[in-house]
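The data block below is input14.cif; it holds mmCIF, C-alpha atoms.
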data_model
loop_
_atom_site.label_atom_id
_atom_site.label_comp_id
_atom_site.auth_asym_id
_atom_site.auth_seq_id
_atom_site.Cartn_x
_atom_site.Cartn_y
_atom_site.Cartn_z
CA MET A 11 0.00 0.00 0.00
CA GLY A 12 1.41 3.40 -1.01
CA ILE A 13 1.80 6.44 1.18
CA SER A 14 -1.41 8.45 1.63
CA ALA A 15 -1.91 12.05 0.55
CA ARG A 16 -2.44 13.11 4.15
CA GLN A 17 0.78 11.40 5.23
CA ILE A 18 2.75 13.32 2.58
CA ALA A 19 1.18 16.57 3.77
CA PHE A 20 2.01 15.60 7.36
CA GLN A 21 5.67 14.90 6.52
CA ALA A 22 5.95 18.21 4.68
CA LEU A 23 4.42 20.20 7.54
CA VAL A 24 6.61 18.53 10.16
CA SER A 25 9.66 19.26 8.02
CA VAL A 26 8.75 22.96 7.84
CA GLU A 27 8.37 23.05 11.65
CA ILE A 28 11.61 21.21 12.42
CA ASP A 29 13.95 22.08 9.56
CA ARG A 30 12.73 25.67 9.07
CA SER A 31 13.16 25.19 5.33
CA TYR A 32 11.19 26.95 2.61
CA SER A 33 7.72 25.49 2.19
CA ASN A 34 7.78 25.32 -1.61
CA ILE A 35 11.10 23.43 -1.67
CA ILE A 36 9.96 20.90 0.93
CA LEU A 37 6.64 20.21 -0.78
CA ASN A 38 8.12 20.02 -4.29
CA ASN A 39 10.77 17.55 -3.11
CA LEU A 40 8.20 15.27 -1.47
CA LEU A 41 5.84 15.38 -4.45
CA THR A 42 8.80 14.43 -6.66
CA ASP A 43 9.87 11.58 -4.37
CA PHE A 44 6.42 9.96 -4.38
CA ASP A 45 4.33 9.02 -7.42
CA VAL A 46 1.32 11.27 -6.79
CA ASP A 47 -1.54 11.75 -9.24
CA LEU A 48 -2.98 15.19 -10.00
CA ILE A 49 -6.01 14.87 -7.69
CA ASP A 50 -3.85 13.87 -4.71
CA LYS A 51 -1.28 16.53 -5.58
CA ASN A 52 -3.96 19.24 -5.48
CA PHE A 53 -5.32 17.90 -2.18
CA ILE A 54 -1.86 17.75 -0.61
CA SER A 55 -1.03 21.30 -1.72
CA ALA A 56 -4.35 22.67 -0.46
CA LEU A 57 -3.96 20.99 2.93
CA PHE A 58 -0.27 21.80 3.30
CA TYR A 59 -0.50 25.49 2.43
CA GLY A 60 -3.86 25.87 4.17
CA VAL A 61 -2.44 24.65 7.48
CA LEU A 62 0.62 26.88 7.10
CA GLU A 63 -1.43 29.93 6.22
CA LYS A 64 -3.88 29.50 9.11
CA LYS A 65 -1.55 28.17 11.79
CA LEU A 66 -2.29 30.82 14.44
CA LEU A 67 -6.03 30.63 13.82
CA LEU A 68 -5.95 26.82 14.07
CA ASP A 69 -3.90 26.93 17.27
CA TYR A 70 -6.27 29.47 18.82
CA ASN A 71 -9.24 27.21 18.09
CA LEU A 72 -7.34 24.14 19.23
CA SER A 73 -6.92 25.83 22.59
CA GLN A 74 -10.72 26.08 22.83
CA PHE A 75 -11.18 22.31 22.51
CA SER A 76 -8.05 20.94 24.19
CA ASP A 77 -7.35 20.56 27.90
CA ARG A 78 -3.63 20.49 27.11
CA PRO A 79 -1.66 23.71 26.44
CA VAL A 80 -0.95 24.01 22.72
CA ASN A 81 2.68 24.97 23.30
CA LYS A 82 3.26 21.77 25.28
CA LEU A 83 2.14 19.41 22.51
CA ASP A 84 4.64 17.28 20.59
CA THR A 85 5.37 18.73 17.12
CA GLY A 86 3.98 15.73 15.26
CA LEU A 87 0.80 15.66 17.35
CA LEU A 88 0.29 19.39 16.96
CA VAL A 89 0.64 19.13 13.16
CA ILE A 90 -1.88 16.26 13.08
CA LEU A 91 -4.39 18.29 15.09
CA ARG A 92 -3.95 21.33 12.85
CA MET A 93 -4.54 19.15 9.79
CA GLY A 94 -7.73 17.74 11.27
CA LEU A 95 -9.07 21.14 12.27
CA TYR A 96 -8.28 22.61 8.86
CA GLN A 97 -10.20 19.86 7.11
CA ILE A 98 -13.20 20.33 9.41
CA PHE A 99 -13.36 24.11 9.16
CA PHE A 100 -12.02 24.88 5.69
CA MET A 101 -12.27 21.87 3.36
CA ASP A 102 -15.88 21.51 2.29
CA SER A 103 -15.01 18.51 0.13
CA VAL A 104 -14.02 16.51 3.22
CA PRO A 105 -16.92 15.33 5.46
CA ASP A 106 -16.26 15.90 9.16
CA ARG A 107 -16.48 12.18 9.86
CA ALA A 108 -13.78 11.45 7.29
CA ALA A 109 -11.62 14.30 8.64
CA VAL A 110 -11.80 12.84 12.16
CA ASN A 111 -11.22 9.22 11.14
CA GLU A 112 -8.36 9.92 8.75
CA THR A 113 -6.65 12.21 11.24
CA VAL A 114 -6.88 9.55 13.96
CA ASN A 115 -5.36 7.09 11.47
CA LEU A 116 -2.42 9.46 11.05
CA CYS A 117 -1.70 9.02 14.76
CA LYS A 118 -1.44 5.26 14.26
CA VAL A 119 0.72 5.52 11.13
CA ASN A 120 3.14 7.85 12.94
CA LYS A 121 3.40 5.83 16.17
CA LEU A 122 1.26 8.22 18.18
CA ASN A 123 -1.32 5.59 19.14
CA SER A 124 -1.49 6.84 22.71
CA ALA A 125 -2.77 10.20 21.44
CA SER A 126 -5.55 8.72 19.27
CA GLY A 127 -8.26 9.18 21.89
CA PHE A 128 -7.21 12.75 22.58
CA VAL A 129 -7.20 13.63 18.87
CA ASN A 130 -10.58 11.99 18.39
CA ALA A 131 -12.10 13.96 21.28
CA VAL A 132 -10.67 17.31 20.16
CA LEU A 133 -11.82 16.93 16.55
CA ARG A 134 -15.29 15.72 17.50
CA ALA A 135 -15.67 18.76 19.77
CA ALA A 136 -14.60 21.00 16.88
CA SER A 137 -17.07 19.28 14.57
CA ARG A 138 -19.90 19.84 17.06
CA ALA A 139 -18.93 23.51 17.39
CA GLY A 140 -19.39 23.82 13.64
CA LYS A 141 -17.62 27.14 13.17
CA ILE A 142 -14.32 28.84 13.76
CA SER A 143 -14.00 31.16 16.75
CA LEU A 144 -12.11 34.45 17.04
CA PRO A 145 -11.04 36.66 19.97
CA ASN A 146 -13.09 39.74 20.80
CA PRO A 147 -11.72 42.68 18.75
CA LYS A 148 -12.76 45.09 21.50
CA LYS A 149 -10.25 43.46 23.83
CA GLY A 150 -7.33 44.02 21.47
CA LYS A 151 -7.29 44.91 17.78
CA ASN A 152 -3.79 43.58 17.18
CA LYS A 153 -4.58 40.18 18.69
CA TYR A 154 -7.86 39.95 16.81
CA LEU A 155 -6.20 40.67 13.45
CA SER A 156 -3.30 38.39 14.33
CA ILE A 157 -5.57 35.39 15.00
CA LYS A 158 -8.04 36.10 12.18
CA TYR A 159 -5.31 36.34 9.54
CA SER A 160 -2.67 34.13 11.20
CA CYS A 161 -0.07 36.84 11.20
CA PRO A 162 2.03 37.49 14.34
CA GLU A 163 1.17 40.57 16.39
CA PRO A 164 4.57 42.30 15.91
CA ILE A 165 3.97 42.39 12.13
CA ILE A 166 0.39 43.61 12.63
CA LYS A 167 1.61 46.37 14.94
CA LEU A 168 4.39 47.38 12.54
CA TRP A 169 2.05 47.62 9.55
CA ARG A 170 -0.74 49.45 11.41
CA ASN A 171 1.73 52.02 12.73
CA ALA A 172 3.47 52.46 9.37
CA TYR A 173 0.59 52.23 6.87
CA GLY A 174 -2.69 52.47 8.79
CA ASP A 175 -5.55 50.01 9.26
CA GLU A 176 -6.98 50.07 5.73
CA LEU A 177 -3.74 49.14 3.99
CA THR A 178 -2.88 46.64 6.71
CA VAL A 179 -6.17 44.77 6.40
CA GLY A 180 -5.86 44.85 2.62
CA MET A 181 -2.49 43.12 2.86
CA LEU A 182 -3.76 40.61 5.39
CA GLU A 183 -6.73 39.72 3.19
CA LEU A 184 -4.32 38.56 0.48
CA LEU A 185 -2.18 36.29 2.66
CA ASP A 186 -4.23 33.17 1.86
CA GLY A 187 -4.00 31.27 -1.41
CA ARG A 188 -1.32 30.92 -4.02
CA PRO A 189 -0.31 34.20 -5.71
CA PRO A 190 -0.17 34.30 -9.52
CA ILE A 191 2.94 33.04 -11.31
CA SER A 192 4.57 35.88 -13.17
CA ALA A 193 7.13 35.30 -15.92
CA ARG A 194 9.48 37.49 -17.91
CA THR A 195 9.71 36.75 -21.65
CA ASN A 196 13.30 36.28 -22.78
CA THR A 197 13.37 38.89 -25.53
CA LEU A 198 16.81 37.68 -26.59
CA LYS A 199 15.15 34.55 -27.98
CA THR A 200 11.45 35.19 -28.57
CA SER A 201 8.52 37.58 -28.22
CA ALA A 202 5.68 37.55 -25.71
CA ASP A 203 3.13 36.59 -28.40
CA LYS A 204 5.23 33.68 -29.64
CA LEU A 205 5.86 32.50 -26.09
CA ILE A 206 2.13 32.56 -25.30
CA ALA A 207 1.48 30.35 -28.34
CA LEU A 208 4.25 27.91 -27.42
CA LEU A 209 3.05 27.65 -23.83
CA ASP A 210 -0.48 27.00 -25.07
CA GLU A 211 0.85 23.99 -26.99
CA GLU A 212 2.22 22.68 -23.67
CA GLY A 213 -1.15 23.15 -21.94
CA VAL A 214 -0.15 26.27 -20.03
CA ALA A 215 -2.50 29.25 -20.04
CA ALA A 216 -0.51 32.47 -20.43
CA GLU A 217 -1.63 36.05 -20.90
CA LEU A 218 0.21 39.33 -21.35
CA ALA A 219 0.15 41.35 -18.14
CA GLU A 220 1.54 44.86 -18.16
CA PRO A 221 3.23 46.74 -16.67
CA PRO A 222 6.06 46.09 -17.14
CA GLY A 223 6.32 45.02 -20.78
CA ASN A 224 6.92 41.40 -21.81
CA ARG A 225 5.49 40.07 -18.54
CA LEU A 226 3.16 37.06 -18.61
CA LEU A 227 0.80 35.59 -16.04
CA LEU A 228 0.85 31.79 -16.10
CA ARG A 229 -1.79 29.25 -15.02
CA ASP A 230 -1.87 25.44 -15.04
CA THR A 231 1.91 25.26 -15.24
CA GLY A 232 2.58 22.07 -13.30
CA SER A 233 6.32 21.89 -12.71
CA VAL A 234 7.69 24.93 -14.56
CA GLU A 235 11.15 23.37 -14.86
CA GLU A 236 9.70 20.50 -16.93
CA LEU A 237 8.29 22.79 -19.64
CA ASP A 238 10.12 22.78 -22.97
CA ALA A 239 9.78 26.55 -23.19
CA PHE A 240 11.55 26.90 -19.84
CA ARG A 241 14.30 24.42 -20.70
CA CYS A 242 14.92 26.26 -23.96
CA GLY A 243 15.39 29.50 -22.02
CA LEU A 244 12.38 31.35 -23.40
CA PHE A 245 11.40 32.82 -20.02
CA HIS A 246 12.26 32.99 -16.36
CA ILE A 247 9.96 33.29 -13.34
CA GLN A 248 9.96 36.77 -11.81
CA ASP A 249 7.33 38.80 -9.98
CA ALA A 250 6.08 42.04 -11.50
CA ALA A 251 7.72 44.10 -8.75
CA SER A 252 11.19 42.75 -9.54
CA GLN A 253 10.67 43.32 -13.27
CA LEU A 254 9.50 46.87 -12.58
CA CYS A 255 12.59 47.45 -10.43
CA CYS A 256 14.84 46.58 -13.38
CA GLY A 257 12.84 48.75 -15.75
CA LEU A 258 13.13 51.79 -13.48
CA LEU A 259 16.91 51.36 -13.24
CA ALA A 260 16.86 51.34 -17.08
CA PRO A 261 20.24 49.82 -17.96
CA GLU A 262 21.16 50.44 -21.61
CA PRO A 263 23.13 48.42 -24.16
CA GLY A 264 26.85 48.88 -23.50
CA HIS A 265 26.44 49.82 -19.84
CA THR A 266 28.43 48.33 -16.99
CA VAL A 267 26.00 47.23 -14.25
CA ILE A 268 26.57 45.94 -10.73
CA ASP A 269 23.92 43.60 -9.29
CA ALA A 270 25.11 43.69 -5.70
CA CYS A 271 23.06 40.88 -4.10
CA SER A 272 22.23 38.93 -7.20
CA ALA A 273 21.40 35.29 -6.53
CA PRO A 274 19.37 33.57 -7.84
CA GLY A 275 19.79 36.07 -10.68
CA GLY A 276 16.32 37.00 -11.92
CA LYS A 277 16.99 40.73 -11.99
CA ALA A 278 20.33 40.24 -13.73
CA PHE A 279 18.61 38.17 -16.41
CA THR A 280 15.99 40.86 -17.00
CA MET A 281 18.62 43.59 -17.14
CA ALA A 282 20.66 41.56 -19.66
CA GLN A 283 17.58 41.46 -21.88
CA LEU A 284 16.99 45.20 -21.49
CA MET A 285 20.63 45.69 -22.49
CA GLU A 286 20.16 43.47 -25.58
CA ASN A 287 22.97 41.28 -24.27
CA ARG A 288 25.51 44.08 -24.82
CA GLY A 289 27.63 45.44 -22.01
CA ARG A 290 28.65 43.93 -18.68
CA ILE A 291 26.73 42.81 -15.59
CA VAL A 292 28.74 41.95 -12.48
CA CYS A 293 26.67 39.74 -10.15
CA CYS A 294 27.74 39.51 -6.53
CA ASP A 295 26.76 37.09 -3.78
CA MET A 296 28.55 35.88 -0.67
CA TYR A 297 28.15 32.20 -1.52
CA GLU A 298 29.57 30.40 -4.53
CA SER A 299 26.75 27.82 -4.36
CA ARG A 300 24.22 30.58 -5.00
CA LEU A 301 26.27 32.08 -7.79
CA ARG A 302 26.14 28.73 -9.58
CA MET A 303 22.39 29.31 -9.92
CA VAL A 304 23.09 32.66 -11.58
CA ARG A 305 25.53 31.15 -14.07
CA SER A 306 23.19 28.24 -14.81
CA GLY A 307 20.26 30.57 -15.44
CA ALA A 308 22.34 32.85 -17.66
CA GLN A 309 23.44 29.89 -19.75
CA ARG A 310 19.88 28.60 -20.13
CA LEU A 311 18.65 32.05 -21.19
CA GLY A 312 21.51 32.57 -23.62
CA THR A 313 23.12 35.69 -22.18
CA ASP A 314 26.91 35.96 -21.98
CA ILE A 315 27.35 39.42 -20.44
CA ILE A 316 26.85 38.16 -16.87
CA GLU A 317 29.88 37.51 -14.68
CA THR A 318 29.92 36.52 -11.00
CA VAL A 319 31.90 37.61 -7.96
CA ALA A 320 31.79 35.80 -4.62
CA ALA A 321 32.08 38.62 -2.09
CA ASP A 322 30.38 40.56 0.69
CA ALA A 323 28.81 43.54 -1.07
CA SER A 324 29.07 45.63 2.11
CA GLU A 325 32.88 45.63 2.04
CA THR A 326 34.23 44.28 -1.26
CA ASP A 327 36.72 46.37 -3.22
CA SER A 328 36.49 44.28 -6.40
CA PHE A 329 33.67 46.06 -8.24
CA PRO A 330 34.29 48.03 -11.44
CA GLU A 331 33.10 51.57 -12.00
CA ALA A 332 29.46 51.25 -13.09
CA ASP A 333 26.80 53.16 -15.03
CA ARG A 334 24.00 51.48 -13.09
CA ILE A 335 23.91 49.72 -9.73
CA LEU A 336 21.17 47.56 -8.28
CA CYS A 337 21.21 47.04 -4.51
CA ASP A 338 18.39 44.57 -3.94
CA VAL A 339 19.49 43.96 -0.38
CA PRO A 340 18.78 41.07 2.02
CA CYS A 341 15.66 41.93 4.01
CA SER A 342 13.02 40.62 6.42
CA GLY A 343 10.87 39.42 3.51
CA LEU A 344 7.56 40.77 4.83
CA GLY A 345 6.45 41.55 1.28
CA ILE A 346 6.55 37.92 0.12
CA ILE A 347 4.94 36.05 3.02
CA ARG A 348 1.98 35.14 0.82
CA ARG A 349 4.45 33.18 -1.32
CA LYS A 350 6.35 31.75 1.64
CA PRO A 351 3.84 31.63 4.53
CA GLU A 352 6.40 30.15 6.92
CA LEU A 353 8.33 33.45 6.91
CA ARG A 354 5.69 35.20 8.99
CA TYR A 355 6.23 32.82 11.91
CA LYS A 356 9.99 33.31 12.21
CA SER A 357 10.83 34.26 15.77
CA ASP A 358 13.49 36.64 14.47
CA THR A 359 12.93 38.39 11.14
CA GLY A 360 16.19 40.26 11.57
CA ALA A 361 14.40 43.59 11.24
CA ASP A 362 16.39 45.04 14.16
CA VAL A 363 19.83 44.39 12.62
CA LEU A 364 19.09 44.32 8.89
CA PRO A 365 18.79 48.10 8.33
CA GLU A 366 22.43 48.64 9.29
CA ILE A 367 23.60 45.75 7.09
CA GLN A 368 21.54 47.10 4.21
CA TYR A 369 22.94 50.57 4.74
CA ARG A 370 26.53 49.31 4.63
CA ILE A 371 25.84 47.51 1.34
CA LEU A 372 24.27 50.66 -0.09
CA CYS A 373 27.16 52.89 0.96
CA ASN A 374 29.88 50.56 -0.29
CA CYS A 375 28.23 49.97 -3.65
CA ALA A 376 27.49 53.65 -4.19
CA GLY A 377 31.21 54.34 -4.21
CA TYR A 378 31.49 52.52 -7.56
CA LEU A 379 28.84 54.60 -9.35
CA ARG A 380 29.98 56.90 -12.15
CA ARG A 381 29.10 60.60 -12.12
CA GLY A 382 25.59 60.90 -13.54
CA GLY A 383 24.93 57.21 -12.99
CA SER A 384 21.84 55.78 -11.26
CA LEU A 385 21.51 53.42 -8.32
CA VAL A 386 18.34 51.57 -7.32
CA TYR A 387 17.93 50.40 -3.74
CA SER A 388 15.18 47.81 -3.29
CA THR A 389 13.77 45.25 -0.87
CA CYS A 390 10.96 42.71 -0.87
CA THR A 391 9.74 43.85 2.54
CA LEU A 392 7.21 46.31 3.94
CA ASN A 393 9.05 47.98 6.79
CA PRO A 394 10.00 51.68 6.71
CA ALA A 395 13.17 51.07 8.74
CA GLU A 396 14.53 48.88 5.94
CA ASN A 397 13.13 51.03 3.16
CA GLY A 398 12.61 54.78 3.11
CA ASP A 399 14.50 55.39 6.34
CA ASN A 400 17.66 53.90 4.83
CA ILE A 401 17.54 55.81 1.58
CA ARG A 402 16.81 59.15 3.31
CA ARG A 403 19.70 58.58 5.71
CA PHE A 404 21.93 57.87 2.71
CA LEU A 405 20.98 61.13 1.00
CA ARG A 406 21.58 63.09 4.21
CA GLU A 407 25.05 61.61 4.62
CA HIS A 408 26.17 61.64 0.95
CA GLU A 409 26.11 65.14 -0.50
CA ASP A 410 27.36 64.00 -3.90
CA PHE A 411 24.12 62.03 -4.45
CA GLU A 412 20.61 63.30 -5.14
CA ALA A 413 17.13 61.79 -5.25
CA ALA A 414 16.12 60.65 -8.75
CA GLU A 415 12.43 60.92 -9.59
CA LEU A 416 10.85 57.58 -10.52
CA SER A 417 8.95 57.61 -13.82
CA LEU A 418 6.17 55.15 -13.03
CA PRO A 419 4.60 53.21 -15.90
CA GLN A 420 0.88 53.58 -16.50
CA GLY A 421 -1.09 51.34 -14.18
CA ILE A 422 1.29 51.51 -11.22
CA LYS A 423 -0.27 53.38 -8.32
CA ARG A 424 1.10 54.66 -5.06
CA GLY A 425 -0.58 53.54 -1.86
CA ILE A 426 1.02 56.07 0.50
CA ASP A 427 2.43 59.58 0.41
CA GLU A 428 6.17 59.27 -0.19
CA PRO A 429 8.97 61.14 -1.98
CA GLY A 430 9.04 60.94 -5.76
CA ASN A 431 12.22 58.85 -5.73
CA GLU A 432 10.53 56.16 -3.61
CA LEU A 433 7.84 53.61 -4.41
CA THR A 434 6.21 51.22 -1.95
CA LEU A 435 4.26 48.50 -3.77
CA PHE A 436 1.31 46.91 -1.99
CA PRO A 437 -0.12 43.59 -3.25
CA GLN A 438 -3.75 44.71 -3.09
CA ILE A 439 -3.08 47.88 -5.10
CA ASN A 440 -0.76 46.73 -7.88
CA GLY A 441 -1.05 42.94 -7.84
CA THR A 442 2.65 42.58 -7.04
CA ASP A 443 4.65 41.30 -4.12
CA GLY A 444 5.09 43.79 -1.32
CA PHE A 445 8.17 45.68 -2.48
CA PHE A 446 10.15 48.89 -2.10
CA ILE A 447 12.09 50.70 -4.85
CA SER A 448 14.10 53.91 -4.58
CA MET A 449 16.55 55.59 -6.96
CA VAL A 450 19.39 58.01 -6.39
CA ARG A 451 21.80 59.60 -8.87
CA ARG A 452 25.42 60.62 -8.44
CA LYS A 453 25.74 64.32 -9.15
#
In structure tokens, write the structure found in this file.
Amino acid sequence: MGISARQIAFQALVSVEIDRSYSNIILNNLLTDFDVDLIDKNFISALFYGVLEKKLLLDYNLSQFSDRPVNKLDTGLLVILRMGLYQIFFMDSVPDRAAVNETVNLCKVNKLNSASGFVNAVLRAASRAGKISLPNPKKGKNKYLSIKYSCPEPIIKLWRNAYGDELTVGMLELLDGRPPISARTNTLKTSADKLIALLDEEGVAAELAEPPGNRLLLRDTGSVEELDAFRCGLFHIQDAASQLCCGLLAPEPGHTVIDACSAPGGKAFTMAQLMENRGRIVCCDMYESRLRMVRSGAQRLGTDIIETVAADASETDSFPEADRILCDVPCSGLGIIRRKPELRYKSDTGADVLPEIQYRILCNCAGYLRRGGSLVYSTCTLNPAENGDNIRRFLREHEDFEAAELSLPQGIKRGIDEPGNELTLFPQINGTDGFFISMVRRK
């Protein structure tokens, strides 16, 4: 008898809890290891991501039905209970009776027989309750939003203070479900129209989505890496925000460009295409293993102007003088937690130390910019301390640089009042990842 769909989901969820690895990598590896048909694959993905996305809400409700403290439960048992509760409350296709019985069976399969009675009692109580419960918002707005949207209170507090309640709730509303897959057409090899036709032949639905130009939205992709169009280097996966970032930097054919924190290389690939594969792009990362991904991607896409440097961008002295510099710095990742739901539960996002690291990268890289050249500073987070605060500090402390007005393409809207050289992208406004872009110019 083969492994069940629920057991695969269980193994994936336990791995996320214990190994702290990225959810998409863990799930993809398990689905590859086991021969899973499409129906089971969809069920596993729905259960796996559903439990991850609603972990705090599930734990809050578990505490209503359990006489044992949630934080005292064994990891495996806690995951099993979350899975059962999710099926009862959120999977209409699974009858409550089946959710209870199959979850109890998971206890037996995973040598947790002694907990079977406890699991059975908790899930039957949840089934009788019939609906999810929430804390009283009048007793604490942050806690209420945290439980309702399964987002830790420190993030809720940060966003409410920085952006207000309306924008915060709008972001929280989009945390559930898989975001769209956005691709960049490799204009060195094909056009968007031709790529759409080729993908259609492979059963992938693709449509042109602008801005920026040559961006496609993909549906029904299956494993992207298995597509002939991908293997032939006709596109790479890249969110709209990252593509927009490259377009605003506007590297031109013949330019020398520094991509300071490059791996896995998506922005370098897009810039190479904007440069018509003429010029030089120096891609930096601290780890050679990550730079191998950049070189592999460049080879697949057919660009030969990309070179790699293994170095710390905050202190290296090995960069050339550049016409354009992209500092897409390491960040807390609060703008992409809908793609990687496990990020929101990290006990330490690094937000207290990252701004200084980011600032050192920015300052060191800026020293290599030619007079009249442009530098874009960007993050995939929504946190003013890592974003606007850093770039404004830089301009105060570097008199030979000035703010460079961003020329936003039609369709891109601002969600907050901010200087013209800054752009904060909110998912609910522009359909992108949460992202920050700012540009400065050397006088």
Test item: residues at most 12 Å from Phe53 (chain A), all atoms listed in the file, excluding those fewer than 5 positions along its chain, as a PyMOL selection string: chain A and resi 14-19+41+46-48+58-60+97+101+103-104
Neighbour list for Leu205 (chain A) as a PyMOL selection string, cut-off 9 Å, only C-alpha atoms, skip fewer than 2 positions in-chain: chain A and resi 195-196+200-203+207-210+216+239+244-245
Restrict the selected residues to C-alpha atoms and save them as a tab-separated table (two decimals), in the coordinates of the input.
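After the write, part.tsv holds the following:
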chain	number	residue	atom	x	y	z
A	195	THR	CA	9.71	36.75	-21.65
A	196	ASN	CA	13.30	36.28	-22.78
A	200	THR	CA	11.45	35.19	-28.57
A	201	SER	CA	8.52	37.58	-28.22
A	202	ALA	CA	5.68	37.55	-25.71
A	203	ASP	CA	3.13	36.59	-28.40
A	207	ALA	CA	1.48	30.35	-28.34
A	208	LEU	CA	4.25	27.91	-27.42
A	209	LEU	CA	3.05	27.65	-23.83
A	210	ASP	CA	-0.48	27.00	-25.07
A	216	ALA	CA	-0.51	32.47	-20.43
A	239	ALA	CA	9.78	26.55	-23.19
A	244	LEU	CA	12.38	31.35	-23.40
A	245	PHE	CA	11.40	32.82	-20.02
Mind checking which residues fall within 9 Å of region 250-265 of chain A, counting all atoms listed in the file, ignoring those fewer than 3 positions away in the same chain, and posting them as a ChimeraX atom specification? /A:192-194,219-223,225,276-278,280-282,284-291,332-336,384-386,388,390,416-419,435,440-449
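For the pair CA of Asp43 (chain A) and CA of Ser25 (chain A), the interatomic distance is 14.6 Å.
CA of Arg354 (chain A) is positioned 27.5 Å from CA of Arg403 (chain A).
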Chain and number of each residue from the PyMOL selection byres ((chain A and resi 190) around 8), as an NGL selection string: :A and (188-189 or 191-192 or 227-229)
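Note that CA of Gly127 (chain A) and CA of Val114 (chain A) are 8.1 Å apart.
Of the listed residues A:Asp427, A:Asp45, A:Glu396, A:Asp295, the one whose atoms come nearest to Ser342 (chain A) is A:Glu396, with distances taken using only C-alpha atoms.
If all atoms listed in the file are the atoms counted, then among A:Thr197, A:Glu428, A:Gly383, A:Lys453 the closest residue to Leu405 (chain A) is A:Lys453.
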